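These notes concern the structure reproduced below.
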Amino acid sequence: MAAAPRPSGTPARPSRRTVLRRSAAVAGGAAAAAAVSACAGPGSGVDADGRVRIEVWHGQTDTGRAAIEALTAEFNRTHPRIRVGLGGGVLSDAMLQKITAALASGSFPDIAYIFGSDLANVARSPSVVDLTDTFHSGPVPWKDFWAPAREAVTLNGQVRAAPALIDSLAVVCNKKLFRDAGLPLPRPGWSWDDFTTTAAKLTDRARGVFGTGWPGVGDEDTVWRLWPMIWDLGGDVTSQDGRRVGFEDTGLRALRTVEALVKARSVYIDAKSGSEQMYRVFLSGRMGMAVTGPWQLPDIRQAKVDYHVVPLPSYSGRPITISGPDTWTVFDNGEARVEAARTFVTWLSQPAHDVRWDIKAGSLPLSRGTQALSQWQKQEADTPGLRVFTKSLESARVRPVHPAYPQISQSLGQAITAVLLGRSSPAEALRDCVDEANAALLIPR
């Protein structure tokens, strides 16, 4: 299916979710070097007066960068014995390659912003600090963090990183296009059949209007939208014993839903990595429904789109979504620097500081403590639809912290793309995906 013409103009800022923009295969190819070095980085980081200096590779741009800079400046003012420096020189979607090279060379930062889907491979390095005791006895009660935030940083029962950011997926609807099509706005509890039928009715190809969109390059953005469908049907990323994928049957029904959108010609397929074209179509008023996260709301509001947010549809009628948490991963550069790094990441997670990060960076509260703060309550009241994303955290699941996940994701991404582009039937695409992913799961790690 041909893509729609590229709308003019650009979004107000790049999407925060760059993790969803690149091929997950990068993680698999680069991860092996992460286990190479157990060496500490150069220098003790302790000044003659006893002040400890640590380096953070933050990976942020625009509003996220401004937010972490402001928080770091406050931390440095209130913790005179610690000096946190921000650097790294790369954005978060290039962090895996940079940290992998740094681990191999033995010269790495004290803290790096690592995507949750990359943590299992990075944590193979013995230089990654175990934060179990830090967070199980930290200033924020461990169970106060949302379950997806806890699960995204836990590997084999150990907390291998600090929760850094959390989000969820929901559906944002263009209310004008619904009115033009004479359709009622979706309500919680709607089904995937409702979604595909609605997308078809919203589509007006003569006007260049699409019912919905889907990334079509096979990257993680392509894949993670399918996991809630698979989970809702009773499937999983891997089988219980971890030796096979867990979606051989459920994946077929999910892919048939994708195929239904293609056959109705109601889906805009974004053929470029990053999904920015898909979002431009929505922002220009030519897409009825976008499956997206809270990071997109500022751009939608700036574009003056009259919008409505509804939870993801399901097959079962039960609420379910996916969350893609990111992490602050701590590396061992000696006892003094590790202790300073622990202090900084736990400080960031405290509600009074987390709420500032969430509001400025366009994410959701890491914990129920943050959610209860008046600042967050005001943010929800001032941002239509934001409460839907926050409430969705109650039913959100995360991708497993598993070293084979990048290969599974790559295989499933190829299958989804093959169906989107009409190159394979759902059954054929899934068969190839399962064969490749099962082979990856058999590799010793």
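Labeling convention for the structure tokens: chains A, B, ... as they appear, residues from 1 per chain, ligands from 1 in order of appearance.
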
I'd like the contact shell of A:Trp224 - 9 Å cut-off, only C-alpha atoms, skipping same-chain residues fewer than 2 positions apart - returned as an mmCIF file with C-alpha atoms, in the first residue's frame.
data_model
loop_
_atom_site.group_PDB
_atom_site.id
_atom_site.type_symbol
_atom_site.label_atom_id
_atom_site.label_comp_id
_atom_site.auth_asym_id
_atom_site.auth_seq_id
_atom_site.Cartn_x
_atom_site.Cartn_y
_atom_site.Cartn_z
ATOM 1 C CA LEU A 20 10.430 2.390 19.354
ATOM 2 C CA ASP A 219 11.382 -1.967 14.219
ATOM 3 C CA GLU A 220 10.327 -2.005 17.851
ATOM 4 C CA ASP A 221 7.682 0.618 17.151
ATOM 5 C CA THR A 222 6.131 -1.835 14.690
ATOM 6 C CA LEU A 226 1.049 -6.079 18.803
ATOM 7 C CA TRP A 227 2.040 -7.369 22.253
ATOM 8 C CA PRO A 228 -1.126 -6.168 24.065
ATOM 9 C CA ILE A 322 1.773 -2.093 27.168
ATOM 10 C CA GLY A 324 7.829 0.709 27.728
ATOM 11 C CA ARG A 399 8.224 -6.857 27.434
ATOM 12 C CA SER A 409 11.304 -8.602 18.188
ATOM 13 C CA GLY A 413 8.686 -7.032 13.192
#

- Item | DSSP strand (DSSP E or B) residues within stretch 219-412 of chain A, listed as a ChimeraX atom specification | /A:236-238,245-246,267-270,287,289-292,307-310,314,321-322,326-331,364,367,396-397

Can those selected residues be exported to a file as an mmCIF file, in the first residue's frame so that it contains C-alpha atoms?
data_model
loop_
_atom_site.group_PDB
_atom_site.id
_atom_site.type_symbol
_atom_site.label_atom_id
_atom_site.label_comp_id
_atom_site.auth_asym_id
_atom_site.auth_seq_id
_atom_site.Cartn_x
_atom_site.Cartn_y
_atom_site.Cartn_z
ATOM 1 C CA ASP A 236 3.188 -14.292 25.726
ATOM 2 C CA VAL A 237 6.581 -13.347 24.336
ATOM 3 C CA THR A 238 8.091 -16.688 25.386
ATOM 4 C CA VAL A 245 7.915 -18.297 21.758
ATOM 5 C CA GLY A 246 4.565 -18.023 23.465
ATOM 6 C CA VAL A 267 -4.206 2.052 7.550
ATOM 7 C CA TYR A 268 -1.455 4.540 6.789
ATOM 8 C CA ILE A 269 1.796 2.546 6.690
ATOM 9 C CA ASP A 270 4.784 4.605 7.732
ATOM 10 C CA MET A 287 -5.954 10.329 10.433
ATOM 11 C CA MET A 289 -7.123 7.248 15.262
ATOM 12 C CA ALA A 290 -3.509 7.024 16.410
ATOM 13 C CA VAL A 291 -2.235 4.367 18.798
ATOM 14 C CA THR A 292 0.283 6.340 20.785
ATOM 15 C CA TYR A 307 -8.989 15.002 20.380
ATOM 16 C CA HIS A 308 -10.351 12.234 22.572
ATOM 17 C CA VAL A 309 -8.337 9.518 24.340
ATOM 18 C CA VAL A 310 -9.670 6.013 24.909
ATOM 19 C CA SER A 314 -9.228 -5.729 23.330
ATOM 20 C CA THR A 321 -1.994 -2.139 27.404
ATOM 21 C CA ILE A 322 1.773 -2.093 27.168
ATOM 22 C CA ASP A 326 13.329 3.089 30.534
ATOM 23 C CA THR A 327 16.091 2.891 33.126
ATOM 24 C CA TRP A 328 18.966 4.649 34.823
ATOM 25 C CA THR A 329 21.612 1.921 34.814
ATOM 26 C CA VAL A 330 24.484 2.295 37.298
ATOM 27 C CA PHE A 331 28.043 1.143 36.527
ATOM 28 C CA LEU A 364 3.801 9.286 33.484
ATOM 29 C CA SER A 367 4.953 5.640 41.485
ATOM 30 C CA ALA A 396 -0.085 -2.477 31.642
ATOM 31 C CA ARG A 397 2.435 -5.206 30.963
#

- Query: Given the choices A:Asp354, A:Asp133, A:Glu335, A:Glu259, which gets closest to A:Val159 if the distance is worked out from only C-alpha atoms?
  - Reply: A:Asp133

- Query: Looking at A:Ala271, A:Phe135, A:Gly251, A:Pro319, which one is nearest to A:Glu394, with distances taken over only C-alpha atoms?
  - Reply: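 Smallest distance to A:Glu394 is found for A:Pro319.
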
- One-decimal distance in Å that lies between atom CA of A:Gly59 and atom CA of A:Gly362: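 Separation between atom CA of A:Gly362 and atom CA of A:Gly59: 15.1 Å.
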
With the cut-off set at 7 Å and counting only C-alpha atoms, tabulate each residue of stretch 141-174 of chain A with an atom at most that distance from an atom of stretch 115-127 of chain A, showing the nearest atom pair and its distance in Å to one decimal, ordered by chain and increasing number, as a tab-separated table.
residue	atom	partner	partner_atom	distance
A:Ala152	CA	A:Gly116	CA	5.7
A:Val153	CA	A:Gly116	CA	7.0
A:Arg160	CA	A:Ala123	CA	6.8

- Query: Using only C-alpha atoms, which residue out of A:Leu297, A:Val305, A:Ala161, A:Val140 lies closest to A:Ala361?
  - Reply: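 Of the candidates, the smallest distance to A:Ala361 is held by A:Leu297.
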
- Message: Can you pull out the residues contacting A:Thr257? Cut-off 8 Å, using only C-alpha atoms, and skip same-chain residues under 6 positions away; I want them as a count of residues only.
- Response: 3

- Would you mind telling me which residue in A:Ala340, A:Gly422, A:Arg431, A:Glu436 lies nearest to A:Asn76 when using only C-alpha atoms?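 Under the stated criterion, the closest residue is A:Ala340.
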
- Message: I want to know what sits within 9 Å of A:Gly218, based on only C-alpha atoms, with residues of the same chain fewer than 5 positions away left out; could you give that as an NGL selection string?
- Response: :A and (22-24 or 223 or 273 or 409-418)

Writer output for current selection, N, CA and C atoms, as a compact mmCIF listing (two decimals), in the first residue's frame:
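Result went into result-v9.txt, see below:
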# COMPACT_ATOMS: atom_id res chain seq x y z
N ARG A 22 13.93 2.24 16.34
CA ARG A 22 15.06 1.59 15.73
C ARG A 22 14.83 0.10 15.73
N SER A 23 15.57 -0.60 14.91
CA SER A 23 15.44 -2.04 14.88
C SER A 23 15.99 -2.63 16.15
N ALA A 24 15.22 -3.54 16.75
CA ALA A 24 15.70 -4.19 17.96
C ALA A 24 16.89 -5.08 17.67
N VAL A 223 6.53 -3.46 16.44
CA VAL A 223 6.25 -4.68 17.21
C VAL A 223 5.45 -4.43 18.47
N SER A 273 11.67 4.82 9.35
CA SER A 273 11.93 4.62 10.77
C SER A 273 11.65 5.90 11.55
N SER A 409 11.93 -9.82 18.71
CA SER A 409 11.30 -8.60 18.19
C SER A 409 11.60 -8.41 16.70
N GLN A 410 12.83 -8.66 16.31
CA GLN A 410 13.19 -8.50 14.91
C GLN A 410 12.37 -9.44 14.04
N SER A 411 12.23 -10.69 14.48
CA SER A 411 11.47 -11.66 13.69
C SER A 411 10.00 -11.28 13.60
N LEU A 412 9.43 -10.85 14.72
CA LEU A 412 8.02 -10.45 14.71
C LEU A 412 7.83 -9.17 13.90
N GLY A 413 8.78 -8.26 13.99
CA GLY A 413 8.69 -7.03 13.19
C GLY A 413 8.66 -7.32 11.70
N GLN A 414 9.47 -8.29 11.26
CA GLN A 414 9.47 -8.67 9.85
C GLN A 414 8.12 -9.28 9.46
N ALA A 415 7.54 -10.06 10.38
CA ALA A 415 6.24 -10.68 10.09
C ALA A 415 5.15 -9.63 9.95
N ILE A 416 5.12 -8.67 10.88
CA ILE A 416 4.09 -7.62 10.82
C ILE A 416 4.24 -6.81 9.54
N THR A 417 5.47 -6.46 9.20
CA THR A 417 5.71 -5.67 7.99
C THR A 417 5.29 -6.44 6.75
N ALA A 418 5.58 -7.74 6.72
CA ALA A 418 5.18 -8.56 5.57
C ALA A 418 3.66 -8.55 5.40

- Message: Nearest residue to A:Ile320 out of A:Asn174, A:Ser191, A:Ser395, A:Ser105, using only C-alpha atoms?
- Response: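 Ranking A:Asn174, A:Ser191, A:Ser395, A:Ser105 by distance to A:Ile320, first place goes to A:Ser395.
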
- atom CA of A:Leu86 and atom CA of A:Pro298 are how many Å apart?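 If I compute the distance from atom CA of A:Leu86 to atom CA of A:Pro298, I get 25.7 Å.
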
- Query: Of the candidates A:Ile408, A:Ala101, A:Leu131, A:Ala341, which one gets nearest to A:Thr154 if we count only C-alpha atoms?
  - Reply: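 Ranked by minimum distance to A:Thr154, first place goes to A:Leu131.
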